[in-house]
Amino acid sequence: MAEKQQKKFIPFFEILKDAGRIVWQNRFLLWFGFLMALGSPGSFNLGRDEQNLGGQPDKIGKFFEAHWQIAVVLAVVLLALGIILFLVSLVARAGLVKSVNLLSQNKKTGFQAGWRAGKKYIGKLFVLAVLFFLAIFVLIVVLAVPVVYLVIAKSWLAAVLVGLFAIAIFIPLVFIFSLTKTFAEFYIVLSGLNVRSAIETGYELLLQNIGNSIVFSLLLVVVSLAAGLVLLPVAGLALLILIPSGIAFFYLNKIAFGIFLAFATLLFLAAVLFVSSIFQAWKMTAWTLYFREIAKTEKPATAEAAAEEELAKSIAPTPVPPTTQKLE
């Protein structure tokens, strides 16, 4: 069984093209992509460049030392906001998968229907995410302990060698964890499995299609890099306009420069979110189509239909003579 699935032809480029077509024809999927982008790590990583103006870090540090209660409240608010956005991204992820699965069967759906469907799986998806986060955390600790011990012992050469060996183990394991988690999500959303069964089935599916999954993952990386190269000239043109304008505003008026800086930052964040929304929607659509290609996600509507399907499978390998067909 595993060999048959491994040798199965996967129309990779057709899947990528169909994903683009589905997103283009059903642009409500971009809202799911937007919500997924908001909940992705690093979505609000603004960097520290603004803080480096005029020695601001020292002033901010002294302020929070004097008013530590504000720092604690701010940290709690940011943590709560991050958790909320993460949960929203899980619902959006499930809603997009559910919607794409219906659209690929030529069934009608929309954002509200997808959102309602996605909310049903938030508990299972959250547990799944926590389990894989803990698994990766434990893996990092286990691989890091020997390296840290060798560094403390000042065995630098051994630390480097063991560190390289740890990286060689870490990368493929994280790849396996990531794809197992992705397939488990599909089994939770499209087949209604519990978390444990979804992980086990997702891992089995990955083993049966490891080669195809590696190829598909690399194709997505290539497409994302190509898209980045295409956007580089656009980003360069924007910088050519914004940097001279910013310098002019800086020497003209400090207040005007502050307004311009705030506007430019918001414009940059909006552009990043817009592009990220498109990519997230397209990438998750592509993964959904790929999953449908390698796994049967549709269940028979009734027990009678399931029995008929099982009977058809059992008699399929046995050839039936033409005379028998006529008599029947």
# chains A, B, ... in the order shown; residues from 1 in each chain; ligands from 1
>>> closest_atom_pairs(of="stretch 99-204 of chain A", to="stretch 273-285 of chain A", cutoff="10 Å", atoms="only C-alpha atoms", output="tab-separated table")
residue	atom	partner	partner_atom	distance
A:Ser99	CA	A:Thr285	CA	9.3
A:Val100	CA	A:Thr285	CA	6.3
A:Asn101	CA	A:Thr285	CA	8.8
A:Ser104	CA	A:Thr285	CA	9.9
A:Thr182	CA	A:Met284	CA	9.7
>>> atom_distance(atom1="atom CA of A:Leu143", atom2="atom CA of A:Leu164")
10.4 Å
>>> residues_around(residues="A:Leu173", least_positions_apart="4", cutoff="12 Å", atoms="only C-alpha atoms", output="ChimeraX atom specification")
/A:132,135-136,139-140,143,166-169,177-180
>>> write_last_selection(atoms="N, CA and C atoms", output="compact mmCIF listing (two decimals), in the first residue's frame")
# COMPACT_ATOMS: atom_id res chain seq x y z
N PHE A 132 2.72 19.97 19.60
CA PHE A 132 3.87 20.04 18.70
C PHE A 132 4.86 21.11 19.16
N ALA A 135 6.76 19.38 21.81
CA ALA A 135 7.65 18.37 21.22
C ALA A 135 8.92 19.02 20.67
N ILE A 136 8.76 20.14 19.99
CA ILE A 136 9.92 20.85 19.43
C ILE A 136 10.77 21.44 20.55
N LEU A 139 12.76 18.69 22.05
CA LEU A 139 13.81 18.32 21.09
C LEU A 139 14.98 19.30 21.16
N ILE A 140 14.68 20.59 21.23
CA ILE A 140 15.73 21.61 21.32
C ILE A 140 16.55 21.43 22.60
N LEU A 143 18.82 18.28 22.39
CA LEU A 143 19.95 18.46 21.49
C LEU A 143 20.93 19.53 21.98
N ALA A 166 23.82 18.01 15.89
CA ALA A 166 22.49 18.33 16.44
C ALA A 166 21.63 19.03 15.41
N ILE A 167 22.24 19.96 14.64
CA ILE A 167 21.51 20.66 13.59
C ILE A 167 21.06 19.69 12.51
N ALA A 168 21.96 18.74 12.17
CA ALA A 168 21.63 17.73 11.15
C ALA A 168 20.47 16.85 11.59
N ILE A 169 20.32 16.66 12.88
CA ILE A 169 19.18 15.89 13.40
C ILE A 169 17.93 16.78 13.49
N PHE A 177 7.92 16.86 11.90
CA PHE A 177 6.93 17.38 12.85
C PHE A 177 5.96 18.33 12.16
N SER A 178 6.51 19.24 11.34
CA SER A 178 5.69 20.26 10.69
C SER A 178 4.67 19.64 9.74
N LEU A 179 5.13 18.70 8.90
CA LEU A 179 4.20 18.09 7.94
C LEU A 179 3.21 17.15 8.64
N THR A 180 3.66 16.45 9.67
CA THR A 180 2.73 15.61 10.44
C THR A 180 1.64 16.47 11.05
>>> closest_residue(among="A:Lys181, A:Arg292, A:Arg93, A:Lys17", to="A:Phe133", atoms="only C-alpha atoms")
A:Lys181
>>> residues_around(residues="A:Phe183", least_positions_apart="4", cutoff="8 Å", atoms="only C-alpha atoms", output="compact mmCIF listing (two decimals) with N, CA and C atoms, in the first residue's frame")
# COMPACT_ATOMS: atom_id res chain seq x y z
N LEU A 179 5.13 18.70 8.90
CA LEU A 179 4.20 18.09 7.94
C LEU A 179 3.21 17.15 8.64
N TYR A 187 -6.85 16.13 8.86
CA TYR A 187 -7.67 15.00 9.32
C TYR A 187 -8.66 15.46 10.39
N ALA A 198 -5.61 11.76 14.64
CA ALA A 198 -5.17 12.63 13.55
C ALA A 198 -3.65 12.65 13.43
N ILE A 199 -2.94 12.67 14.57
CA ILE A 199 -1.47 12.66 14.54
C ILE A 199 -0.97 11.34 13.98
N GLY A 202 -1.88 11.17 10.28
CA GLY A 202 -1.07 12.14 9.53
C GLY A 202 0.36 11.68 9.36
N TYR A 203 0.92 11.06 10.41
CA TYR A 203 2.29 10.53 10.33
C TYR A 203 2.37 9.38 9.33
N LEU A 205 0.42 8.92 6.76
CA LEU A 205 0.26 9.50 5.42
C LEU A 205 1.57 10.12 4.95
N LEU A 206 2.28 10.78 5.86
CA LEU A 206 3.57 11.39 5.52
C LEU A 206 4.58 10.32 5.11
N PHE A 291 -3.25 17.61 -0.14
CA PHE A 291 -3.74 16.60 0.80
C PHE A 291 -4.88 15.78 0.18
>>> atom_distance(atom1="atom CA of A:Thr201", atom2="atom CA of A:Leu134")
19.8 Å
>>> atom_distance(atom1="atom CA of A:Leu220", atom2="atom CA of A:Ile188")
23.2 Å
>>> residues_around(residues="stretch 25-39 of chain A", least_positions_apart="3", cutoff="12 Å", atoms="only C-alpha atoms", output="number ranges by chain")
A: 18-22, 42-45, 81-100, 102-104, 106-115, 118, 269-285
>>> write_last_selection(atoms="C-alpha atoms", output="PDB file, in the first residue's frame")
ATOM      1  CA  ASP A  18      -5.557  25.380  -9.263  1.00  0.00           C
ATOM      2  CA  ALA A  19      -4.774  26.946  -5.877  1.00  0.00           C
ATOM      3  CA  GLY A  20      -4.191  30.301  -7.556  1.00  0.00           C
ATOM      4  CA  ARG A  21      -7.388  29.949  -9.598  1.00  0.00           C
ATOM      5  CA  ILE A  22      -9.491  29.066  -6.534  1.00  0.00           C
ATOM      6  CA  GLY A  42       6.507  37.959  13.746  1.00  0.00           C
ATOM      7  CA  SER A  43       3.471  39.697  12.256  1.00  0.00           C
ATOM      8  CA  PHE A  44       3.976  42.610  14.640  1.00  0.00           C
ATOM      9  CA  ASN A  45       7.754  42.503  14.787  1.00  0.00           C
ATOM     10  CA  LEU A  81      -3.538  39.851  22.394  1.00  0.00           C
ATOM     11  CA  GLY A  82      -1.056  37.352  20.993  1.00  0.00           C
ATOM     12  CA  ILE A  83      -3.102  34.389  22.287  1.00  0.00           C
ATOM     13  CA  ILE A  84      -6.331  35.853  20.866  1.00  0.00           C
ATOM     14  CA  LEU A  85      -4.737  36.437  17.452  1.00  0.00           C
ATOM     15  CA  PHE A  86      -3.310  32.913  17.500  1.00  0.00           C
ATOM     16  CA  LEU A  87      -6.746  31.426  18.249  1.00  0.00           C
ATOM     17  CA  VAL A  88      -8.294  33.563  15.508  1.00  0.00           C
ATOM     18  CA  SER A  89      -5.642  32.299  13.080  1.00  0.00           C
ATOM     19  CA  LEU A  90      -6.539  28.691  13.989  1.00  0.00           C
ATOM     20  CA  VAL A  91     -10.212  29.307  13.232  1.00  0.00           C
ATOM     21  CA  ALA A  92      -9.269  31.028   9.964  1.00  0.00           C
ATOM     22  CA  ARG A  93      -7.000  28.126   9.029  1.00  0.00           C
ATOM     23  CA  ALA A  94      -9.766  25.578   9.635  1.00  0.00           C
ATOM     24  CA  GLY A  95     -12.318  27.758   7.848  1.00  0.00           C
ATOM     25  CA  LEU A  96     -10.100  28.118   4.796  1.00  0.00           C
ATOM     26  CA  VAL A  97      -9.418  24.360   4.624  1.00  0.00           C
ATOM     27  CA  LYS A  98     -13.123  23.584   4.962  1.00  0.00           C
ATOM     28  CA  SER A  99     -14.011  26.176   2.301  1.00  0.00           C
ATOM     29  CA  VAL A 100     -11.370  25.003  -0.188  1.00  0.00           C
ATOM     30  CA  LEU A 102     -16.039  22.386  -0.666  1.00  0.00           C
ATOM     31  CA  LEU A 103     -14.949  24.627  -3.544  1.00  0.00           C
ATOM     32  CA  SER A 104     -12.805  21.851  -5.005  1.00  0.00           C
ATOM     33  CA  ASN A 106     -17.814  22.608  -6.973  1.00  0.00           C
ATOM     34  CA  LYS A 107     -19.927  23.359  -3.901  1.00  0.00           C
ATOM     35  CA  LYS A 108     -20.807  26.904  -2.881  1.00  0.00           C
ATOM     36  CA  THR A 109     -19.581  28.426   0.358  1.00  0.00           C
ATOM     37  CA  GLY A 110     -18.549  31.794   1.771  1.00  0.00           C
ATOM     38  CA  PHE A 111     -16.610  33.496   4.533  1.00  0.00           C
ATOM     39  CA  GLN A 112     -19.353  33.291   7.165  1.00  0.00           C
ATOM     40  CA  ALA A 113     -20.008  29.593   6.504  1.00  0.00           C
ATOM     41  CA  GLY A 114     -16.278  28.850   6.601  1.00  0.00           C
ATOM     42  CA  TRP A 115     -15.828  30.836   9.820  1.00  0.00           C
ATOM     43  CA  GLY A 118     -13.762  26.629  11.547  1.00  0.00           C
ATOM     44  CA  LEU A 269       2.659  47.209   7.592  1.00  0.00           C
ATOM     45  CA  ALA A 270      -0.458  47.325   5.402  1.00  0.00           C
ATOM     46  CA  ALA A 271       1.567  46.249   2.365  1.00  0.00           C
ATOM     47  CA  VAL A 272       3.238  43.414   4.302  1.00  0.00           C
ATOM     48  CA  LEU A 273      -0.127  42.190   5.623  1.00  0.00           C
ATOM     49  CA  PHE A 274      -1.697  42.401   2.160  1.00  0.00           C
ATOM     50  CA  VAL A 275       1.055  40.358   0.512  1.00  0.00           C
ATOM     51  CA  SER A 276       1.165  37.937   3.447  1.00  0.00           C
ATOM     52  CA  SER A 277      -2.624  37.470   3.259  1.00  0.00           C
ATOM     53  CA  ILE A 278      -2.433  36.497  -0.406  1.00  0.00           C
ATOM     54  CA  PHE A 279       0.454  34.117   0.181  1.00  0.00           C
ATOM     55  CA  GLN A 280      -1.107  32.498   3.265  1.00  0.00           C
ATOM     56  CA  ALA A 281      -4.411  31.931   1.446  1.00  0.00           C
ATOM     57  CA  TRP A 282      -2.708  30.526  -1.646  1.00  0.00           C
ATOM     58  CA  LYS A 283      -0.264  28.325   0.285  1.00  0.00           C
ATOM     59  CA  MET A 284      -2.949  26.794   2.522  1.00  0.00           C
ATOM     60  CA  THR A 285      -5.186  26.257  -0.498  1.00  0.00           C
TER      61      THR A 285
END
>>> closest_residue(among="A:Leu16, A:Ile70, A:Ile210, A:Ala144", to="A:Ile294", atoms="only C-alpha atoms")
A:Ile210
